[in-house]
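Below is the file input.cif, which contains mmCIF, C-alpha atoms.
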```cif
data_upload
#
loop_
_atom_site.label_atom_id
_atom_site.label_comp_id
_atom_site.auth_asym_id
_atom_site.auth_seq_id
_atom_site.Cartn_x
_atom_site.Cartn_y
_atom_site.Cartn_z
CA MET U 16 -103.71 38.76 -54.09
CA PHE U 17 -102.94 37.38 -57.54
CA GLY U 18 -104.45 33.96 -56.91
CA ARG U 19 -106.98 32.33 -59.12
CA ARG U 20 -110.51 33.53 -58.94
CA LYS U 21 -112.89 31.19 -57.29
CA ASP U 22 -115.87 30.46 -59.47
CA ARG U 23 -118.89 31.63 -57.56
CA PRO U 24 -122.32 30.43 -58.57
CA ALA U 25 -124.49 33.24 -59.86
CA LYS U 26 -127.15 34.42 -57.49
CA ALA U 27 -130.73 33.80 -58.52
CA TRP U 28 -131.68 37.47 -58.75
CA GLU U 29 -128.53 38.29 -60.75
CA GLU U 30 -129.42 35.55 -63.21
CA LYS U 31 -133.01 36.82 -63.56
CA VAL U 32 -131.88 40.41 -64.14
CA SER U 33 -129.29 39.43 -66.75
CA VAL U 34 -131.81 37.25 -68.61
CA LYS U 35 -134.35 40.09 -68.69
CA ILE U 36 -131.76 42.56 -69.96
CA PHE U 37 -130.71 40.09 -72.66
CA ARG U 38 -134.31 39.55 -73.75
CA VAL U 39 -135.03 43.29 -74.00
CA LEU U 40 -131.90 43.91 -76.05
CA TYR U 41 -132.56 40.91 -78.28
CA ARG U 42 -136.13 42.07 -78.98
CA LEU U 43 -134.91 45.58 -79.78
CA GLN U 44 -132.27 44.22 -82.14
CA CYS U 45 -134.80 41.97 -83.90
CA ARG U 46 -137.25 44.85 -84.38
CA TRP U 47 -134.55 47.11 -85.78
CA ALA U 48 -133.36 44.38 -88.18
CA ALA U 49 -136.93 43.76 -89.36
CA TRP U 50 -137.51 47.48 -89.92
CA MET U 51 -134.26 47.81 -91.89
CA ASP U 52 -135.10 44.72 -93.95
CA ALA U 53 -138.52 46.18 -94.82
CA ARG U 54 -136.93 49.49 -95.84
CA VAL U 55 -134.31 47.83 -98.06
CA ASN U 56 -136.77 45.38 -99.66
CA ARG U 57 -138.84 48.29 -100.98
CA LEU U 58 -135.86 49.54 -103.00
CA SER U 59 -135.21 48.46 -106.55
CA GLY U 60 -132.06 46.61 -107.58
CA LYS U 61 -130.54 49.75 -109.09
CA ALA U 62 -131.23 51.77 -105.92
CA LYS U 63 -129.60 49.09 -103.77
CA MET U 64 -126.56 49.08 -106.05
CA ALA U 65 -126.34 52.88 -105.96
CA LEU U 66 -126.51 52.90 -102.13
CA LEU U 67 -123.83 50.21 -101.95
CA LEU U 68 -121.61 52.16 -104.34
CA ALA U 69 -122.10 55.42 -102.44
CA PHE U 70 -121.35 53.77 -99.09
CA SER U 71 -118.25 52.06 -100.50
CA LEU U 72 -116.92 55.28 -102.04
CA LEU U 73 -117.49 57.16 -98.80
CA MET U 74 -115.64 54.57 -96.72
CA ILE U 75 -112.77 54.33 -99.23
CA SER U 76 -112.33 58.11 -99.35
CA ILE U 77 -112.30 58.35 -95.54
CA SER U 78 -109.73 55.54 -95.33
CA VAL U 79 -107.49 57.17 -97.94
CA LEU U 80 -107.75 60.53 -96.18
CA VAL U 81 -106.77 58.99 -92.84
CA ALA U 82 -103.86 57.10 -94.43
CA LEU U 83 -102.55 60.19 -96.25
CA THR U 84 -102.79 62.31 -93.12
CA ALA U 85 -100.84 59.69 -91.20
CA VAL U 86 -98.14 59.39 -93.87
CA THR U 87 -97.66 63.07 -94.68
CA GLY U 88 -97.94 64.21 -91.08
CA LYS U 89 -99.17 67.68 -92.00
CA ARG U 90 -101.64 67.70 -89.16
CA LYS U 91 -99.96 67.34 -85.81
CA ILE U 92 -102.08 66.34 -82.87
CA SER U 93 -101.04 68.20 -79.77
CA ILE U 94 -102.26 67.48 -76.31
CA ASP U 95 -101.90 70.34 -73.89
CA THR U 96 -100.99 69.18 -70.43
CA LYS U 97 -100.18 71.22 -67.39
CA LEU U 98 -97.74 69.91 -64.87
CA HIS U 99 -98.63 70.56 -61.25
CA LEU U 100 -95.71 69.98 -58.93
CA PRO U 101 -96.31 69.52 -55.23
CA HIS U 102 -95.15 72.37 -53.04
CA LEU U 103 -92.14 71.47 -50.90
CA GLU U 104 -91.54 73.28 -47.64
CA ASP U 105 -87.79 73.37 -48.07
CA HIS U 106 -86.25 73.27 -51.54
CA GLN U 107 -82.72 73.38 -50.21
CA GLN U 108 -80.87 70.13 -50.85
CA GLN U 109 -78.18 68.44 -48.82
CA PRO U 110 -74.82 68.70 -50.62
CA GLY U 111 -73.86 65.49 -52.38
CA THR U 112 -77.38 64.02 -52.37
CA GLY U 113 -80.53 64.75 -54.28
CA LEU U 114 -82.66 64.63 -51.16
CA PRO U 115 -84.11 67.83 -49.66
CA VAL U 116 -82.90 68.74 -46.19
CA ALA U 117 -86.43 68.61 -44.78
CA VAL U 118 -86.90 64.99 -45.86
CA MET U 119 -83.52 63.97 -44.49
CA GLY U 120 -84.41 65.61 -41.17
CA ARG U 121 -87.72 63.74 -41.04
CA ILE U 122 -85.96 60.41 -41.61
CA LYS U 123 -83.47 61.16 -38.83
CA ARG U 124 -86.20 62.27 -36.42
CA TYR U 125 -88.32 59.17 -37.10
CA LYS U 126 -85.36 56.86 -36.53
CA ALA U 127 -84.56 58.68 -33.28
CA TYR U 128 -88.23 58.33 -32.25
CA LEU U 129 -88.16 54.57 -32.89
CA ASP U 130 -84.93 54.24 -30.91
CA SER U 131 -86.33 56.27 -28.01
CA LEU U 132 -89.41 54.05 -27.85
CA GLY U 133 -87.22 51.16 -26.74
CA THR U 134 -86.21 52.91 -23.49
CA THR U 135 -89.50 52.46 -21.59
CA ALA U 136 -91.84 49.50 -21.14
CA THR U 137 -94.85 51.18 -22.75
CA GLY U 138 -92.64 52.55 -25.49
CA GLN U 139 -91.29 49.06 -26.13
CA LYS U 140 -94.87 47.76 -26.53
CA THR U 141 -95.63 50.57 -28.97
CA ARG U 142 -92.43 49.89 -30.90
CA ASP U 143 -93.16 46.15 -31.06
CA SER U 144 -96.69 46.75 -32.31
CA LEU U 145 -95.36 49.14 -34.97
CA LEU U 146 -92.80 46.62 -36.13
CA ARG U 147 -95.40 43.83 -36.12
CA ALA U 148 -97.75 45.93 -38.25
CA ARG U 149 -94.92 46.99 -40.59
CA PRO U 150 -92.34 44.21 -40.63
CA GLY U 151 -89.93 45.83 -43.09
CA LEU U 152 -89.85 49.27 -41.47
CA LEU U 153 -86.36 49.07 -39.96
CA ASP U 154 -84.95 47.59 -43.16
CA SER U 155 -86.49 50.42 -45.17
CA ILE U 156 -84.97 53.04 -42.87
CA ARG U 157 -81.57 51.34 -43.11
CA SER U 158 -81.79 51.19 -46.91
CA LEU U 159 -82.72 54.89 -47.03
CA GLU U 160 -79.70 55.68 -44.88
CA LYS U 161 -77.51 53.62 -47.17
CA VAL U 162 -78.88 55.16 -50.36
CA TYR U 163 -78.67 58.73 -49.18
CA GLU U 164 -75.62 58.13 -46.95
CA LEU U 165 -77.22 59.58 -43.86
CA PRO U 166 -75.05 59.68 -40.77
CA LYS U 167 -75.89 56.88 -38.32
CA THR U 168 -75.90 59.20 -35.30
CA ASN U 169 -79.16 60.72 -34.08
CA GLN U 170 -79.17 64.48 -33.92
#
```

I'd like the structure from this file rewritten - as structure tokens, please.
Amino acid sequence: MFGRRKDRPAKAWEEKVSVKIFRVLYRLQCRWAAWMDARVNRLSGKAKMALLLAFSLLMISISVLVALTAVTGKRKISIDTKLHLPHLEDHQQQPGTGLPVAVMGRIKRYKAYLDSLGTTATGQKTRDSLLRARPGLLDSIRSLEKVYELPKTNQ
């Protein structure tokens, strides 16, 4: 799952598409740069200096405003979130544990079902296929019993 990626050679059509996209974007960028260069070259030296000064002052004032807002903390950003809890059938909890009674009953019933599968030949095949598909299933049930101190008897 977390192994190294195998370097796959790019497919011919993928290569052609990526080259065409690159060429279109490069042409667009070159045209825009040429247009901007033509616009700026028409300006006088004083106009260029005034634009540079105006842009610099604008960026400095925005930076100072952001820094002051962060330091003073007058503006608080609040994100409204609504918490949606899932509906539980039975909110009653078993005394001494934090587990709802319904969940504890489901664990007990599933363990009893697995145990009852071992009594017949077809049930044993089903149980074996379940345990083959989920190798840690019995260990997980045992650890749940240990954590929540479920009684070992089937009811």

Original post:
By how many Å are CA of Val118 (chain U) and CA of Asp154 (chain U) apart?
Top reply: 17.7 Å

Original post:
What is the CA of Glu160 (chain U) to CA of Ile122 (chain U) distance in Å?
Top reply: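 CA of Glu160 (chain U) sits 8.5 Å away from CA of Ile122 (chain U).
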
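Between CA of Ile77 (chain U) and CA of Lys63 (chain U) the interatomic distance comes to 21.3 Å.
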